[in-house]
2 protein chains.
Amino acid sequence: MASTISPAAAAALASIATPTTLVGQHQLYTRIRLATPADVPHIHKLFYQMAVFQNDTHLFTATESSIASTLFNSPPFQSFTVFILEVSSNPFKNIHSPAFLPIERTVPVDHVAADPEAETFKSSVANEDGDDNVTVAGFVLFVPSYTTFAGKPGFHVEDLLVRECYRRKGFGKMLLSAVAEQAVKMGFKRVEWSVLEWNVNAIKFYEEMGAKVLTEWRVCRLTGDALEAYGDANY
Amino acid sequence: MASTISPAAAAALASIATPTTLVGQHQLYTRIRLATPADVPHIHKLFYQMAVFQNDTHLFTATESSIASTLFNSPPFQSFTVFILEVSSNPFKNIHSPAFLPIERTVPVDHVAADPEAETFKSSVANEDGDDNVTVAGFVLFVPSYTTFAGKPGFHVEDLLVRECYRRKGFGKMLLSAVAEQAVKMGFKRVEWSVLEWNVNAIKFYEEMGAKVLTEWRVCRLTGDALEAYGDANY
């Protein structure tokens, strides 16, 4: 699937192409949909890849069982919610998803890198509907937050990952934008997430998306034995 | 109710007092319980006092109606959850609260400042049970978060306020500890909240409670027109 055509040549060809197909480019079909319990094995692998990316695999204790028993206990958008990003070289077949109409985009790409884990990440949900050429490429996990000033909810984005071979194609922005779009639909007034202060590329990217980086706030975290100490009610 | 006895004199008197009652001191009865829709007028006033405290009243648009329609749509601890702190000069009568056993503490205080808003903050919930001497003194609002590394939930504390005349009595710590205790009970692995980096007293206090302040993370926030722009799905 790899194309060796240069961007300049693609642009030249595009000028004589039909409006919908760029000669010499590939079309990558993308879909953002709600996760289901059938996605748990992939979610578990994506969570692990996130730990690898952050050099924190020594902290990784999530299991398919812990994920399955915690992520799907409330209706979508009321508590933890996961959007799955899927890609395919063919148009998607429809899936039944009354709580969230999947967002489909066709993305022209000059170059599609081979996916070394294509088989591992073959989408179970799409496969159930006879769509066996769909690959899970990323996720975003978010949860409602609350703005006391507005007396209204917002969303807090906990984590977002696009698998390595699908990066630098705008998919991270697509996932974050899908959360923002859902927030607006629901009348929510805020979407928040955290970024490492030395990650200047990410900060620039988020600012271009319209976000403000709050410089004065720091996160306090109570975990491990320090947290468990509160369990005996004798603090 | 105000006492003019000095701390030193109180300590001297305490040494000759019975183990359960300190002569010359007052007992303040405190209770932390789940908020109910009957608390909405007080919650609205507490949210406003929080905006006053942060010099942000120009941003305050919350109404009793917006609070009532957003805070009580899920069972406690599944989404937004509010604990109310009540104080009384008498022991509390029991209230029916199957989802959360109220936490009661008796706090010896040298000095109980007059509460200029005692009438405004008379607890409706206690009053329904014939307890007409109970005052709402503060709240904490929290919501589940998710730790992908652990594949388990935690709590994110959105806001905490103790009314001015009840500060410096350990009530803030009681509210935060109640959230931590509930997290441990539910098998949750993390409690997080935010603090302003120049608020060194708060940071010291949180560190003494066992929390770590994460210095590298920054909060990104998408609000207002920048958020609404994502509503048209043409981003």
# chains A, B, ... in the order shown; residues from 1 in each chain; ligands from 1

$ interface_residues --of "chain B" --to "chain A" --cutoff "7 Å" --atoms "only C-alpha atoms" --output "ChimeraX atom specification"
/B:47,51,59-63,66-67,70,78-79,143,145-146,148-152,158,177,180-181,184-185,189-197,210-224,226-228,230-231,233

$ calpha_fit_rmsd --fixed "chain A" --moving "chain B"
0.2 Å

$ residues_around --residues "Thr36 in chain A" --least-positions-apart "3" --cutoff "8 Å" --atoms "only C-alpha atoms" --output "list in words"
Asp39, Val40, Phe72 and Val125 of chain A

$ write_last_selection --atoms "all heavy atoms" --output "PDB file, in the first residue's frame"
ATOM      1  N   ASP A  39     -14.301  -4.826  22.482  1.00  0.00           N
ATOM      2  CA  ASP A  39     -13.017  -4.153  22.245  1.00  0.00           C
ATOM      3  C   ASP A  39     -12.019  -4.342  23.387  1.00  0.00           C
ATOM      4  O   ASP A  39     -10.868  -3.891  23.262  1.00  0.00           O
ATOM      5  CB  ASP A  39     -13.249  -2.638  22.078  1.00  0.00           C
ATOM      6  CG  ASP A  39     -14.002  -2.277  20.814  1.00  0.00           C
ATOM      7  OD1 ASP A  39     -13.537  -2.688  19.738  1.00  0.00           O
ATOM      8  OD2 ASP A  39     -15.043  -1.585  20.904  1.00  0.00           O
ATOM      9  N   VAL A  40     -12.425  -4.983  24.478  1.00  0.00           N
ATOM     10  CA  VAL A  40     -11.572  -5.016  25.677  1.00  0.00           C
ATOM     11  C   VAL A  40     -10.154  -5.530  25.417  1.00  0.00           C
ATOM     12  O   VAL A  40      -9.182  -4.923  25.853  1.00  0.00           O
ATOM     13  CB  VAL A  40     -12.257  -5.783  26.833  1.00  0.00           C
ATOM     14  CG1 VAL A  40     -11.263  -6.149  27.930  1.00  0.00           C
ATOM     15  CG2 VAL A  40     -13.382  -4.931  27.424  1.00  0.00           C
ATOM     16  N   PHE A  72     -17.669  -0.379  31.545  1.00  0.00           N
ATOM     17  CA  PHE A  72     -18.966  -0.406  30.859  1.00  0.00           C
ATOM     18  C   PHE A  72     -20.148  -0.482  31.833  1.00  0.00           C
ATOM     19  O   PHE A  72     -21.158  -1.107  31.545  1.00  0.00           O
ATOM     20  CB  PHE A  72     -19.004  -1.575  29.862  1.00  0.00           C
ATOM     21  CG  PHE A  72     -17.910  -1.509  28.831  1.00  0.00           C
ATOM     22  CD1 PHE A  72     -16.744  -2.235  28.985  1.00  0.00           C
ATOM     23  CD2 PHE A  72     -18.039  -0.676  27.733  1.00  0.00           C
ATOM     24  CE1 PHE A  72     -15.725  -2.161  28.045  1.00  0.00           C
ATOM     25  CE2 PHE A  72     -17.027  -0.584  26.782  1.00  0.00           C
ATOM     26  CZ  PHE A  72     -15.859  -1.327  26.945  1.00  0.00           C
ATOM     27  N   VAL A 125     -15.345  -5.650  16.551  1.00  0.00           N
ATOM     28  CA  VAL A 125     -16.688  -5.093  16.375  1.00  0.00           C
ATOM     29  C   VAL A 125     -17.058  -5.052  14.895  1.00  0.00           C
ATOM     30  O   VAL A 125     -18.154  -5.452  14.496  1.00  0.00           O
ATOM     31  CB  VAL A 125     -16.768  -3.685  17.018  1.00  0.00           C
ATOM     32  CG1 VAL A 125     -18.087  -2.995  16.656  1.00  0.00           C
ATOM     33  CG2 VAL A 125     -16.612  -3.795  18.527  1.00  0.00           C
TER      34      VAL A 125
END

$ closest_residue --among "A:Val52, A:Ala114, A:Val134, A:Ala99" --to "Leu85 in chain A" --atoms "only C-alpha atoms"
A:Val134

$ select_by_dssp --residues "range 29-62 of chain B" --states "helix (DSSP H, G or I)" --output "list in words"
Pro37, Ala38, Asp39, Val40, Pro41, His42, Ile43, His44, Lys45, Leu46, Phe47, Tyr48, Gln49, Met50, Ala51, Val52, Phe53, Thr57, His58 and Leu59 of chain B

$ write_last_selection --atoms "C-alpha atoms" --output "short mmCIF file (atom, residue, chain, number, x, y, z; two decimals), in the first residue's frame"
data_model
loop_
_atom_site.label_atom_id
_atom_site.label_comp_id
_atom_site.auth_asym_id
_atom_site.auth_seq_id
_atom_site.Cartn_x
_atom_site.Cartn_y
_atom_site.Cartn_z
CA PRO B 37 -31.89 17.52 45.69
CA ALA B 38 -33.17 19.28 48.85
CA ASP B 39 -29.66 20.74 49.23
CA VAL B 40 -29.70 22.49 45.83
CA PRO B 41 -30.38 26.03 47.16
CA HIS B 42 -27.45 25.67 49.58
CA ILE B 43 -25.21 24.08 46.94
CA HIS B 44 -25.97 27.02 44.65
CA LYS B 45 -24.96 29.49 47.39
CA LEU B 46 -21.80 27.51 48.16
CA PHE B 47 -20.84 27.46 44.47
CA TYR B 48 -21.30 31.25 44.47
CA GLN B 49 -19.13 31.64 47.58
CA MET B 50 -16.47 29.61 45.77
CA ALA B 51 -16.61 32.08 42.85
CA VAL B 52 -16.31 34.97 45.35
CA PHE B 53 -13.31 33.28 46.99
CA THR B 57 -18.11 36.06 40.13
CA HIS B 58 -18.19 37.59 36.62
CA LEU B 59 -17.99 34.00 35.29
#

$ atom_distance --atom1 "CA of Pro116 in chain A" --atom2 "CA of Thr30 in chain A"
18.4 Å

$ residues_around --residues "Leu34 in chain A" --least-positions-apart "4" --cutoff "7 Å" --atoms "only C-alpha atoms" --output "list in words"
Val82, Phe83, Ile84 and Phe100 of chain A

$ atom_distance --atom1 "CA of Ala202 in chain A" --atom2 "CA of Ser89 in chain A"
28.3 Å
